[in-house]
Amino acid sequence: MTTLVPFVDLKTQYRSLRSEILPRVTQVMEDATFILGPDVARFEENFASYLGSRHCVGVESGTAALQFALEAFGIGPGDEVIIPATTYIASAVAVSTVGARPVLVDVDSTYFMDPNLLDAALTPATKAILPVHLYGQAMPMEPILEFARRHDLVVIEDAAQAHGARHNGRCAGTFGHAGCYSFYPAKNLGAYGDGGAIVTDDAAIADRLRLMRDFGQRKKYEHLVKGTNCRLDSIQAAVLDVKLTHLDDWNAARRRHAAAYDARLSDLGIATPVRRSDESHVYHLYVIEIEHRDRVASALRDRGIQTGIHYPIPIHLQAAYAELGLTRGAFPQTERSAERVLSLPMFPELTEEQIDLVTGALASAQALVVA
């Protein structure tokens, strides 16, 4: 079947940016400043300024950002880190990679970790809490921060899906001790390859992160700590710096598309995503919940509509985390949503005609499945 509406359309976006992107990339190659060149420093400064943070450290991926942030705050073997049960597995893997244990808590109806369940997850080994701003919405951080203050916990925000999302005027990723971002190509702010960043207001932590990403050195061959090779490439930084100037416009377009979806889906009797405020959601994903999800997704695919499912197998039911000893029923809200969520096409360049095609196909698919 010919694809009528892609899930994400990076080709169209590139064509609109080509005249801006190519000169910047070409300049990096002309200057041969491929590793930690001026483009990296420029993007770090601009991204920190955009977010309202004092420091930004670019690294090779969003997962690396989480791992480095945990390490920089001394989280390691024997420690526990509280994370939501509904999230991409990278949130858990980063905790495991530093030798700590992820402790899962169920989420509420907006897919954020339920603050009412934090006390039950707390143990003497708990050292940090890792809230996730999922699907593009900034979660309310006040209960998380208060819990962390009471128990002297580090707060590291996973803002991999929430570039530019705000809560009470502040950007997701700037409430805790550090915020971590992914620049995977399909993100609201995406590179042309992997990339990530950590932001923090703590100068000492930022300095440590810069050492950790570059073999522990400020000066070549003088290694102050046991670092590794985990740097953001200059070419990716140049691409991101161009794209950053468009981010607010792209996020505004996503909100318009979401409003169009909302209107059409309400007419179909389909519950639309909960939005806490006009500024809180940047719709990295437009996620609905629907009965007979897999059959509906298959019917949409047959009609040329690409969709996504985030995330069909929760972390606690993955073979990789059998060690946690958790079984079905441990996190009812997470498990329920895993069976029902469906992500519809969402990208800034989406058109009204494409939205009509998606919702029309969805209406037909629902009728077919129910019949």
# chains A, B, ... in the order shown; residues from 1 in each chain; ligands from 1
$ residues_around --residues "region 256-271 of chain A" --least-positions-apart "3" --cutoff "10 Å" --atoms "only C-alpha atoms" --output "ChimeraX atom specification"
/A:250-253,274,281-283,285-291,344-352,355-356,358-360,362-363,366
$ select_by_dssp --residues "region 112-326 of chain A" --states "strand (DSSP E or B)" --output "short mmCIF file (atom, residue, chain, number, x, y, z; two decimals) with C-alpha atoms, in the first residue's frame"
data_model
loop_
_atom_site.label_atom_id
_atom_site.label_comp_id
_atom_site.auth_asym_id
_atom_site.auth_seq_id
_atom_site.Cartn_x
_atom_site.Cartn_y
_atom_site.Cartn_z
CA MET A 113 4.89 9.17 37.43
CA THR A 126 17.15 5.68 47.07
CA LYS A 127 19.51 8.41 45.86
CA ALA A 128 17.72 10.00 42.91
CA ILE A 129 14.44 10.42 41.13
CA VAL A 132 10.07 11.80 32.45
CA GLN A 137 4.23 17.42 27.71
CA VAL A 154 18.94 14.26 43.26
CA VAL A 155 16.40 15.14 40.55
CA ILE A 156 17.46 14.38 36.99
CA GLU A 157 14.80 15.16 34.39
CA ASP A 158 14.39 13.07 31.26
CA ARG A 166 6.96 24.59 29.53
CA HIS A 167 5.37 24.41 32.97
CA ARG A 170 9.85 27.29 32.74
CA CYS A 171 11.18 24.78 30.25
CA ALA A 178 20.00 18.47 35.69
CA GLY A 179 17.92 17.92 32.57
CA CYS A 180 18.69 15.49 29.76
CA TYR A 181 17.73 15.76 26.09
CA SER A 182 17.88 13.52 23.06
CA GLY A 196 22.16 14.52 23.27
CA ALA A 197 22.78 17.15 25.93
CA ILE A 198 22.68 17.76 29.66
CA VAL A 199 21.72 21.14 31.12
CA THR A 200 22.37 22.28 34.67
CA ASP A 214 36.28 13.66 26.65
CA GLN A 217 40.85 15.79 29.99
CA ARG A 218 40.91 19.55 29.66
CA LYS A 219 44.31 19.43 28.02
CA GLU A 222 46.30 15.10 30.93
CA HIS A 223 43.48 12.97 32.33
CA ASN A 229 34.61 9.24 24.40
CA ARG A 231 31.13 13.90 22.50
CA ASP A 233 29.90 15.92 16.83
CA HIS A 281 2.55 20.35 25.44
CA TYR A 286 -0.03 12.73 19.50
CA VAL A 287 -1.17 9.75 21.56
CA ILE A 288 -4.71 8.47 21.84
CA GLU A 289 -6.05 5.38 23.59
CA ILE A 305 -1.58 5.73 7.26
CA GLY A 308 3.33 4.24 16.11
#
$ residues_around --residues "Glu45 (chain A)" --least-positions-apart "5" --cutoff "10 Å" --atoms "only C-alpha atoms" --output "PDB file with C-alpha atoms, in the first residue's frame"
ATOM      1  CA  ASP A  39      29.918  24.849  16.510  1.00  0.00           C
ATOM      2  CA  VAL A  40      29.543  22.649  19.581  1.00  0.00           C
ATOM      3  CA  TYR A  50      16.846  29.058  24.972  1.00  0.00           C
ATOM      4  CA  SER A  53      19.756  27.206  31.977  1.00  0.00           C
ATOM      5  CA  ARG A  54      23.299  28.278  32.836  1.00  0.00           C
ATOM      6  CA  HIS A  55      25.210  25.377  31.318  1.00  0.00           C
ATOM      7  CA  CYS A  56      24.747  22.878  28.490  1.00  0.00           C
ATOM      8  CA  VAL A  57      27.061  19.952  27.729  1.00  0.00           C
ATOM      9  CA  ASP A 241      21.945  25.248  15.954  1.00  0.00           C
TER      10      ASP A 241
END
$ closest_residue --among "A:Asp119, A:Asp194, A:Glu20, A:Asp302" --to "Val105 (chain A)" --atoms "only C-alpha atoms"
A:Asp119
$ residues_around --residues "Gly304 (chain A)" --least-positions-apart "6" --cutoff "9 Å" --atoms "only C-alpha atoms" --output "list in words"
Met1, Thr2, Thr3, Leu4, Val5, Pro6 and Ala361 of chain A
$ write_last_selection --atoms "C-alpha atoms" --output "mmCIF file, in the first residue's frame"
data_model
loop_
_atom_site.group_PDB
_atom_site.id
_atom_site.type_symbol
_atom_site.label_atom_id
_atom_site.label_comp_id
_atom_site.auth_asym_id
_atom_site.auth_seq_id
_atom_site.Cartn_x
_atom_site.Cartn_y
_atom_site.Cartn_z
ATOM 1 C CA MET A 1 0.000 0.000 0.000
ATOM 2 C CA THR A 2 1.318 3.454 -0.895
ATOM 3 C CA THR A 3 1.971 5.630 2.148
ATOM 4 C CA LEU A 4 -0.453 8.543 2.090
ATOM 5 C CA VAL A 5 0.528 9.983 5.468
ATOM 6 C CA PRO A 6 3.912 9.132 7.030
ATOM 7 C CA ALA A 361 -9.247 6.396 7.909
#
$ closest_atom_pairs --of "region 68-146 of chain A" --to "region 311-320 of chain A" --cutoff "7 Å" --atoms "only C-alpha atoms" --output "CSV"
residue,atom,partner,partner_atom,distance
A:Ala85,CA,A:Ile315,CA,6.6
A:Thr86,CA,A:Pro314,CA,6.6
A:Ile89,CA,A:Ile315,CA,6.2
$ residues_around --residues "Pro84 (chain A)" --least-positions-apart "2" --cutoff "9 Å" --atoms "only C-alpha atoms" --output "VMD selection string"
chain A and resid 82 86 to 87 91 103 to 107 111 to 114 130 to 132
$ write_last_selection --atoms "C-alpha atoms" --output "short mmCIF file (atom, residue, chain, number, x, y, z; two decimals), in the first residue's frame"
data_model
loop_
_atom_site.label_atom_id
_atom_site.label_comp_id
_atom_site.auth_asym_id
_atom_site.auth_seq_id
_atom_site.Cartn_x
_atom_site.Cartn_y
_atom_site.Cartn_z
CA ILE A 82 12.94 6.01 41.02
CA THR A 86 5.74 4.18 31.41
CA THR A 87 8.78 5.42 29.53
CA SER A 91 15.45 5.75 31.11
CA VAL A 103 12.73 1.35 40.91
CA LEU A 104 9.53 1.69 38.90
CA VAL A 105 6.37 3.50 39.93
CA ASP A 106 3.07 3.53 38.08
CA VAL A 107 1.82 6.58 36.21
CA TYR A 111 1.42 9.20 31.73
CA PHE A 112 3.55 10.95 34.37
CA MET A 113 4.89 9.17 37.43
CA ASP A 114 2.22 9.32 40.13
CA LEU A 130 14.19 10.56 37.35
CA PRO A 131 10.87 12.04 36.17
CA VAL A 132 10.07 11.80 32.45
#
$ closest_residue --among "A:Ala138, A:Ile144, A:Leu70, A:Ala165" --to "Arg254 (chain A)" --atoms "only C-alpha atoms"
A:Ala165
$ residues_around --residues "Gly193 (chain A)" --least-positions-apart "3" --cutoff "10 Å" --atoms "only C-alpha atoms" --output "PyMOL selection string"
chain A and resi 60-61+183-186+190+233+235-236
$ closest_residue --among "A:Ala297, A:Met139, A:Ala330, A:Ala64" --to "Glu279 (chain A)" --atoms "only C-alpha atoms"
A:Met139
$ closest_residue --among "A:Ser364, A:Asn46, A:Ser343, A:Ser19" --to "Phe7 (chain A)" --atoms "only C-alpha atoms"
A:Ser343
$ residues_around --residues "Val95 (chain A)" --least-positions-apart "3" --cutoff "8 Å" --atoms "only C-alpha atoms" --output "MDAnalysis selection string"
chainID A and resid 66:67 70 81 91:92 98:102
$ write_last_selection --atoms "N, CA and C atoms" --output "PDB file, in the first residue's frame"
ATOM      1  N   LEU A  66      21.621  10.881  30.089  1.00  0.00           N
ATOM      2  CA  LEU A  66      21.092  10.372  31.355  1.00  0.00           C
ATOM      3  C   LEU A  66      22.185   9.674  32.166  1.00  0.00           C
ATOM      4  N   GLN A  67      22.941   8.833  31.497  1.00  0.00           N
ATOM      5  CA  GLN A  67      24.009   8.094  32.185  1.00  0.00           C
ATOM      6  C   GLN A  67      25.033   9.051  32.795  1.00  0.00           C
ATOM      7  N   LEU A  70      23.677  10.977  35.848  1.00  0.00           N
ATOM      8  CA  LEU A  70      23.671  10.125  37.043  1.00  0.00           C
ATOM      9  C   LEU A  70      25.073   9.978  37.619  1.00  0.00           C
ATOM     10  N   VAL A  81      17.238   4.380  41.902  1.00  0.00           N
ATOM     11  CA  VAL A  81      16.717   5.573  41.234  1.00  0.00           C
ATOM     12  C   VAL A  81      15.258   5.306  40.866  1.00  0.00           C
ATOM     13  N   SER A  91      15.461   5.161  29.764  1.00  0.00           N
ATOM     14  CA  SER A  91      15.446   5.745  31.110  1.00  0.00           C
ATOM     15  C   SER A  91      15.941   4.736  32.143  1.00  0.00           C
ATOM     16  N   ALA A  92      15.541   3.485  31.975  1.00  0.00           N
ATOM     17  CA  ALA A  92      15.978   2.427  32.885  1.00  0.00           C
ATOM     18  C   ALA A  92      17.401   1.981  32.587  1.00  0.00           C
ATOM     19  N   VAL A  98      25.019   2.651  35.061  1.00  0.00           N
ATOM     20  CA  VAL A  98      25.912   3.189  36.104  1.00  0.00           C
ATOM     21  C   VAL A  98      25.983   2.247  37.304  1.00  0.00           C
ATOM     22  N   GLY A  99      25.285   1.117  37.227  1.00  0.00           N
ATOM     23  CA  GLY A  99      25.342   0.128  38.294  1.00  0.00           C
ATOM     24  C   GLY A  99      24.262   0.264  39.334  1.00  0.00           C
ATOM     25  N   ALA A 100      23.354   1.226  39.156  1.00  0.00           N
ATOM     26  CA  ALA A 100      22.263   1.426  40.116  1.00  0.00           C
ATOM     27  C   ALA A 100      21.053   0.582  39.716  1.00  0.00           C
ATOM     28  N   ARG A 101      20.030   0.606  40.547  1.00  0.00           N
ATOM     29  CA  ARG A 101      18.826  -0.199  40.316  1.00  0.00           C
ATOM     30  C   ARG A 101      17.641   0.722  40.029  1.00  0.00           C
ATOM     31  N   PRO A 102      16.981   0.549  38.880  1.00  0.00           N
ATOM     32  CA  PRO A 102      15.771   1.336  38.636  1.00  0.00           C
ATOM     33  C   PRO A 102      14.606   0.806  39.462  1.00  0.00           C
TER      34      PRO A 102
END
$ atom_distance --atom1 "CA of Leu51 (chain A)" --atom2 "CA of Asp202 (chain A)"
14.8 Å
$ decode --residues "region 293-350 of chain A" --atoms "C-alpha atoms" --output "compact mmCIF listing (two decimals), in the first residue's frame"
# COMPACT_ATOMS: atom_id res chain seq x y z
CA ARG A 293 -5.56 -0.96 19.10
CA ASP A 294 -3.58 -3.48 17.06
CA ARG A 295 -6.46 -4.18 14.70
CA VAL A 296 -7.10 -0.45 14.25
CA ALA A 297 -3.41 0.18 13.55
CA SER A 298 -3.39 -2.61 10.97
CA ALA A 299 -6.49 -1.20 9.27
CA LEU A 300 -4.88 2.25 9.15
CA ARG A 301 -1.73 0.78 7.64
CA ASP A 302 -3.83 -0.87 4.94
CA ARG A 303 -5.16 2.58 4.13
CA GLY A 304 -1.70 4.11 3.81
CA ILE A 305 -1.58 5.73 7.26
CA GLN A 306 1.54 5.14 9.34
CA THR A 307 1.15 5.08 13.13
CA GLY A 308 3.33 4.24 16.11
CA ILE A 309 2.89 2.41 19.41
CA HIS A 310 4.73 3.79 22.44
CA TYR A 311 5.37 1.44 24.27
CA PRO A 312 3.67 -1.95 23.76
CA ILE A 313 5.75 -3.92 26.29
CA PRO A 314 6.34 -2.12 29.60
CA ILE A 315 9.81 -2.19 31.09
CA HIS A 316 8.84 -4.53 33.93
CA LEU A 317 7.62 -7.12 31.40
CA GLN A 318 10.75 -6.96 29.23
CA ALA A 319 13.12 -9.94 29.37
CA ALA A 320 15.97 -7.47 29.92
CA TYR A 321 14.45 -6.54 33.29
CA ALA A 322 13.35 -9.95 34.51
CA GLU A 323 15.81 -9.33 37.37
CA LEU A 324 13.33 -6.89 38.92
CA GLY A 325 11.02 -9.82 39.67
CA LEU A 326 7.90 -7.95 38.59
CA THR A 327 4.95 -9.58 36.85
CA ARG A 328 1.80 -8.53 35.06
CA GLY A 329 -0.46 -6.58 37.38
CA ALA A 330 2.37 -4.70 39.09
CA PHE A 331 1.53 -1.39 37.37
CA PRO A 332 -2.12 -1.39 36.23
CA GLN A 333 -2.19 2.05 34.57
CA THR A 334 1.03 1.40 32.65
CA GLU A 335 -0.17 -2.01 31.48
CA ARG A 336 -3.59 -0.69 30.47
CA SER A 337 -2.13 2.11 28.38
CA ALA A 338 0.44 -0.24 26.79
CA GLU A 339 -2.46 -2.20 25.32
CA ARG A 340 -4.40 0.85 24.13
CA VAL A 341 -2.09 3.69 23.10
CA LEU A 342 -1.76 4.63 19.45
CA SER A 343 0.40 7.50 18.16
CA LEU A 344 -1.00 9.28 15.11
CA PRO A 345 1.15 11.05 12.50
CA MET A 346 2.60 14.26 13.97
CA PHE A 347 5.22 16.57 12.53
CA PRO A 348 5.33 20.34 11.87
CA GLU A 349 4.79 20.00 8.12
CA LEU A 350 1.59 17.95 8.52
